[in-house]
Amino acid sequence: MTKYIFVTGGVVSGLGKGITAASLGRLLKARGLKVAAQKLDPYINVDPGTMSPFQHGEVYVTEDGAETDLDLGHYERFIDEDLNKYSNLTTGKVYWNVLNKERRGEYLGSTVQVIPHITNEIKEFVYRVGKKTEADVVITEIGGTIGDIESQPFIEAVRQISLEVGRENSLFIHVTLVPFLHGSDEHKSKPTQHSVKELQGMGINPNIIVLRCDEPLEESIFKKISLFCNVKEDCVIENITLPVLYEAPLMLEKSNFSSVVSRELGIKAQNPDLKEWTDMVEKIKTRTKDVRIGLVGKYVELHDAYLSVAEALRHAGYYNDAHVEIVWIDSEEIKPANVDEKLGGLNGIIVPGGFGSRGIEGMILSAKYARENDIPYFGICLGMQIAVIEYARDVLGIADANSGEFDEVCKNKVIDFMPGQSEDIDKGGTLRLGAYPCIIAPNTTMERCYGKTEISERHRHRYEFNNDYRKQFADAGLTLSGQSPDGNLIETVELTERDFYVGVQYHPEFKSRPNRPHPLFLGFIAAAVKKAENE
């Protein structure tokens with residue numbers, strides 16, 4: 001029978017529930033178990049697709065095109081399993097489904113209530129991910145903190161699941177903060193005690209408590225929390241803030257995390273094989289080179305807006321023996337008068353995805369600076385469109401070249417809606433989303449990086465390269481190096497003679513893993529390292 005693990009958080013948000021859940025997933029997979037992961041988010045949006053990156057960070061896209069919470073990126077990077085639309089559920093989606101069922105008469109005239117209708121919808125969703133993936137273990141993280149009014153239906157639903165599948169097939173892990181007071185030079189367990197008490201008041205007794213802290217905890221804290229929170233001593237696990245994110249599974253396993261989880265769930269599994277992960281962490285710790293990458297974007301104040309891009313850059317750095325220093329550059333601040341000051345000294349420039357016209361001219365200047373100064377350039381989604389607009393203006397001589405997204409009345413929309421796309425569409429759930437195939441032209445940077453000519457990558461965009469300008473670009477030296485199998489859509493562009501000057505319409509960062517970096521990021525960082533060594 002599938003085992004269910006529920007991860008909750010107390011005291012404050014941002015404690016690392018997602019990293020804890022992802023690390024456990026990696027450890028259980030290392031024990032030979034098939035693991036599925038999912039996130040329950042209490043906000044009322046149907047999905048994060050229309051939410052501002054300033055509020056929510058990046059939107060992570062799965063293979064099947066679901067727009068999800070960024071924690072799913074942690075799950076995929078740690079567990080190395082492709083997740084799906086059943087891996088993220090919001091309050092908005094729950095109520096959307098329930099209200100549609102009510103309108104269709106599926107409740108046979110019943111009064112629709114939080115219990116049982118809302119909680120049943122949540123339970124059905126949790127069960128579905130296990131059935132679809134045939135997982136041995138389903139790890140479900142519940143967003144927010146205990147006591148949040150909007151998360152109560154989720155807490156009630158997982159309480160009911162625990163009763164339905166039996167205590168022997170369900171486990172609750174509570175992640176909480178243990179603050180250190182410098183005035184008295186001691187850690188304090190009281191916030192954890194109050195958080196657990198709140199959880200117990202909702203009918204849930206946590207089996208394991210994970211303590212987030214910045215320094216190692218003294219033995220008395222473990223004993224105190226064990227006693228007052230009614231858990232076994234070895235079920236109180238320390239989770240120290242680490243300089244290397246991917247060391248978390250190894251650190252948690254030193255406290256026998258997966259052994260304790262397996263014991264509590266009655267799982268008889270092999271000892272974890274963590275050699276590949278240990279070797280990777282050792283490689284991370286022994287890098288000898290340095291490289292500076294300028295990330296030019298409009299949301300750089302909140303680094304989580306580009307979380308997967310930043311992680312993919314670091315992954316490629318690990319395997320190029322390089323420390324990747326990301327220089328966060330606000331595209332709105334880049335002007336013709338200061339472009340050399342802002343971008344000089346960089347070994348590579350990356351322009352990631354985004355929407356809207358704010359900061360676009362600064363991105364175009366960045367693409368021009370990279371092209372004219374032979375700096376490795378990597379444009380992702382919007383970054384590819386920026387490279388196309390810059391090339392049209394400064395090489396083709398089309399001074400007013402632009403995107404239909406930024407200038408609806410522009411005569412030369414080198415990026416635009418393609419025939420068959422409707423401009424009169426809503427903002428939510430109407431993008432080209434999920435995995436699509438791409439055919440790579442031979443003898444290109446793309447082929448050199450991938451080592452093959454047919455790939456599949458995840459998309460999240462609405463506008464496309466305008467096919468009316470194909471010949472002009474090709475004649476002027478821009479290689480249209482990747483396209484859809486039917487030839488209708490341009491997927492990638494490049495300057496093939498350069499070490500690396502590539503723009504891709506898709507989001508390769510979503511498929512990068514710490515132990516298996518994405519080939520395009522590998523190629524980009526390799527070119528940046530070469531640039532750094534030659535300077």
# chains A, B, ... in the order shown; residues from 1 in each chain; ligands from 1
$ select_by_dssp --residues "range 296-457 of chain A" --states "strand (DSSP E or B)" --output "PDB file with N, CA and C atoms, in the first residue's frame"
ATOM      1  N   VAL A 296      20.455  39.635 -16.194  1.00  0.00           N
ATOM      2  CA  VAL A 296      19.777  40.897 -16.467  1.00  0.00           C
ATOM      3  C   VAL A 296      18.275  40.649 -16.512  1.00  0.00           C
ATOM      4  N   GLY A 297      17.549  41.201 -15.544  1.00  0.00           N
ATOM      5  CA  GLY A 297      16.108  40.969 -15.480  1.00  0.00           C
ATOM      6  C   GLY A 297      15.393  42.122 -14.822  1.00  0.00           C
ATOM      7  N   ALA A 322      33.748  25.355 -11.546  1.00  0.00           N
ATOM      8  CA  ALA A 322      33.708  26.807 -11.393  1.00  0.00           C
ATOM      9  C   ALA A 322      32.709  27.262 -10.336  1.00  0.00           C
ATOM     10  N   HIS A 323      33.118  28.233  -9.537  1.00  0.00           N
ATOM     11  CA  HIS A 323      32.201  28.979  -8.679  1.00  0.00           C
ATOM     12  C   HIS A 323      31.515  30.016  -9.564  1.00  0.00           C
ATOM     13  N   VAL A 324      30.209  29.941  -9.667  1.00  0.00           N
ATOM     14  CA  VAL A 324      29.469  30.897 -10.492  1.00  0.00           C
ATOM     15  C   VAL A 324      28.975  32.036  -9.597  1.00  0.00           C
ATOM     16  N   GLU A 325      29.535  33.222  -9.817  1.00  0.00           N
ATOM     17  CA  GLU A 325      29.050  34.405  -9.121  1.00  0.00           C
ATOM     18  C   GLU A 325      27.979  35.051  -9.998  1.00  0.00           C
ATOM     19  N   ILE A 326      26.744  35.078  -9.494  1.00  0.00           N
ATOM     20  CA  ILE A 326      25.655  35.702 -10.250  1.00  0.00           C
ATOM     21  C   ILE A 326      25.584  37.172  -9.864  1.00  0.00           C
ATOM     22  N   VAL A 327      25.761  38.036 -10.853  1.00  0.00           N
ATOM     23  CA  VAL A 327      25.645  39.477 -10.635  1.00  0.00           C
ATOM     24  C   VAL A 327      24.234  39.877 -11.050  1.00  0.00           C
ATOM     25  N   TRP A 328      23.412  40.268 -10.084  1.00  0.00           N
ATOM     26  CA  TRP A 328      22.004  40.569 -10.330  1.00  0.00           C
ATOM     27  C   TRP A 328      21.888  42.009 -10.838  1.00  0.00           C
ATOM     28  N   ILE A 329      21.431  42.179 -12.076  1.00  0.00           N
ATOM     29  CA  ILE A 329      21.412  43.491 -12.716  1.00  0.00           C
ATOM     30  C   ILE A 329      19.988  43.864 -13.109  1.00  0.00           C
ATOM     31  N   ASP A 330      19.499  44.975 -12.586  1.00  0.00           N
ATOM     32  CA  ASP A 330      18.167  45.480 -12.904  1.00  0.00           C
ATOM     33  C   ASP A 330      18.193  46.078 -14.304  1.00  0.00           C
ATOM     34  N   GLY A 348      29.889  36.359 -18.826  1.00  0.00           N
ATOM     35  CA  GLY A 348      28.717  35.874 -19.547  1.00  0.00           C
ATOM     36  C   GLY A 348      27.509  36.690 -19.158  1.00  0.00           C
ATOM     37  N   ILE A 349      26.532  36.778 -20.065  1.00  0.00           N
ATOM     38  CA  ILE A 349      25.294  37.528 -19.800  1.00  0.00           C
ATOM     39  C   ILE A 349      24.114  36.621 -20.100  1.00  0.00           C
ATOM     40  N   ILE A 350      23.182  36.550 -19.168  1.00  0.00           N
ATOM     41  CA  ILE A 350      21.962  35.759 -19.380  1.00  0.00           C
ATOM     42  C   ILE A 350      20.754  36.658 -19.172  1.00  0.00           C
ATOM     43  N   VAL A 351      19.822  36.591 -20.107  1.00  0.00           N
ATOM     44  CA  VAL A 351      18.552  37.315 -19.989  1.00  0.00           C
ATOM     45  C   VAL A 351      17.453  36.255 -19.903  1.00  0.00           C
ATOM     46  N   TYR A 377      26.427  34.852 -24.517  1.00  0.00           N
ATOM     47  CA  TYR A 377      25.073  35.341 -24.246  1.00  0.00           C
ATOM     48  C   TYR A 377      24.107  34.170 -24.281  1.00  0.00           C
ATOM     49  N   PHE A 378      23.193  34.138 -23.313  1.00  0.00           N
ATOM     50  CA  PHE A 378      22.174  33.093 -23.256  1.00  0.00           C
ATOM     51  C   PHE A 378      20.835  33.785 -23.012  1.00  0.00           C
ATOM     52  N   GLY A 379      19.954  33.718 -23.996  1.00  0.00           N
ATOM     53  CA  GLY A 379      18.622  34.297 -23.872  1.00  0.00           C
ATOM     54  C   GLY A 379      17.580  33.211 -23.720  1.00  0.00           C
ATOM     55  N   ILE A 380      16.790  33.296 -22.653  1.00  0.00           N
ATOM     56  CA  ILE A 380      15.774  32.283 -22.376  1.00  0.00           C
ATOM     57  C   ILE A 380      14.395  32.904 -22.538  1.00  0.00           C
ATOM     58  N   ASN A 402      10.285  45.467 -33.006  1.00  0.00           N
ATOM     59  CA  ASN A 402       9.821  45.288 -31.630  1.00  0.00           C
ATOM     60  C   ASN A 402       8.964  44.034 -31.552  1.00  0.00           C
ATOM     61  N   SER A 403       8.405  43.807 -30.379  1.00  0.00           N
ATOM     62  CA  SER A 403       7.460  42.710 -30.167  1.00  0.00           C
ATOM     63  C   SER A 403       6.057  43.276 -30.077  1.00  0.00           C
ATOM     64  N   LYS A 413       6.890  44.013 -36.338  1.00  0.00           N
ATOM     65  CA  LYS A 413       6.813  43.124 -35.169  1.00  0.00           C
ATOM     66  C   LYS A 413       7.580  41.834 -35.498  1.00  0.00           C
ATOM     67  N   VAL A 414       8.857  41.817 -35.151  1.00  0.00           N
ATOM     68  CA  VAL A 414       9.647  40.613 -35.425  1.00  0.00           C
ATOM     69  C   VAL A 414       9.290  39.497 -34.443  1.00  0.00           C
ATOM     70  N   ILE A 415       8.635  39.865 -33.344  1.00  0.00           N
ATOM     71  CA  ILE A 415       8.047  38.903 -32.405  1.00  0.00           C
ATOM     72  C   ILE A 415       6.562  39.242 -32.308  1.00  0.00           C
ATOM     73  N   ASP A 416       5.701  38.237 -32.499  1.00  0.00           N
ATOM     74  CA  ASP A 416       4.267  38.552 -32.529  1.00  0.00           C
ATOM     75  C   ASP A 416       3.445  37.286 -32.350  1.00  0.00           C
ATOM     76  N   ARG A 432       1.519  28.913 -24.267  1.00  0.00           N
ATOM     77  CA  ARG A 432       2.013  27.624 -24.762  1.00  0.00           C
ATOM     78  C   ARG A 432       2.808  27.023 -23.611  1.00  0.00           C
ATOM     79  N   LEU A 433       2.270  25.963 -23.036  1.00  0.00           N
ATOM     80  CA  LEU A 433       2.797  25.431 -21.782  1.00  0.00           C
ATOM     81  C   LEU A 433       3.206  23.970 -21.915  1.00  0.00           C
ATOM     82  N   GLY A 434       4.273  23.613 -21.222  1.00  0.00           N
ATOM     83  CA  GLY A 434       4.677  22.222 -21.139  1.00  0.00           C
ATOM     84  C   GLY A 434       5.646  21.813 -22.224  1.00  0.00           C
ATOM     85  N   ALA A 435       5.869  20.507 -22.346  1.00  0.00           N
ATOM     86  CA  ALA A 435       6.894  19.965 -23.229  1.00  0.00           C
ATOM     87  C   ALA A 435       6.445  19.955 -24.686  1.00  0.00           C
ATOM     88  N   TYR A 436       7.326  20.469 -25.551  1.00  0.00           N
ATOM     89  CA  TYR A 436       7.119  20.425 -26.998  1.00  0.00           C
ATOM     90  C   TYR A 436       8.427  19.984 -27.651  1.00  0.00           C
ATOM     91  N   PRO A 437       8.332  19.267 -28.775  1.00  0.00           N
ATOM     92  CA  PRO A 437       9.553  18.818 -29.450  1.00  0.00           C
ATOM     93  C   PRO A 437      10.201  19.932 -30.269  1.00  0.00           C
ATOM     94  N   CYS A 438      11.476  19.765 -30.526  1.00  0.00           N
ATOM     95  CA  CYS A 438      12.236  20.726 -31.329  1.00  0.00           C
ATOM     96  C   CYS A 438      13.259  19.960 -32.166  1.00  0.00           C
ATOM     97  N   ILE A 439      13.388  20.366 -33.424  1.00  0.00           N
ATOM     98  CA  ILE A 439      14.372  19.775 -34.324  1.00  0.00           C
ATOM     99  C   ILE A 439      15.545  20.746 -34.456  1.00  0.00           C
ATOM    100  N   ILE A 440      16.753  20.251 -34.202  1.00  0.00           N
ATOM    101  CA  ILE A 440      17.956  21.089 -34.203  1.00  0.00           C
ATOM    102  C   ILE A 440      18.671  20.970 -35.549  1.00  0.00           C
ATOM    103  N   GLU A 454      17.136  15.956 -32.089  1.00  0.00           N
ATOM    104  CA  GLU A 454      15.737  15.989 -31.673  1.00  0.00           C
ATOM    105  C   GLU A 454      15.676  16.072 -30.149  1.00  0.00           C
ATOM    106  N   ILE A 455      14.976  17.097 -29.640  1.00  0.00           N
ATOM    107  CA  ILE A 455      14.884  17.310 -28.199  1.00  0.00           C
ATOM    108  C   ILE A 455      13.439  17.624 -27.826  1.00  0.00           C
ATOM    109  N   SER A 456      13.172  17.660 -26.534  1.00  0.00           N
ATOM    110  CA  SER A 456      11.877  18.091 -26.023  1.00  0.00           C
ATOM    111  C   SER A 456      12.142  18.983 -24.825  1.00  0.00           C
ATOM    112  N   GLU A 457      11.523  20.163 -24.816  1.00  0.00           N
ATOM    113  CA  GLU A 457      11.758  21.121 -23.739  1.00  0.00           C
ATOM    114  C   GLU A 457      10.439  21.766 -23.317  1.00  0.00           C
TER     115      GLU A 457
END
$ residues_around --residues "range 209-215 of chain A" --least-positions-apart "4" --cutoff "6 Å" --atoms "only C-alpha atoms" --output "list in words"
Ile173, His174, Val175, Thr176, Leu177, Val178, Val236, Ile237, Glu238, Asn239, Ile240 and Thr241 of chain A
$ closest_residue --among "A:Asp475, A:Glu63, A:Asp499, A:Glu156" --to "Arg448 in chain A" --atoms "only C-alpha atoms"
A:Asp499
$ closest_residue --among "A:Val46, A:Val260, A:Lys275, A:Thr8" --to "Ser195 in chain A" --atoms "only C-alpha atoms"
A:Thr8
$ closest_residue --among "A:Gly109, A:Leu24, A:Val126, A:Lys131" --to "Met1 in chain A" --atoms "only C-alpha atoms"
A:Lys131
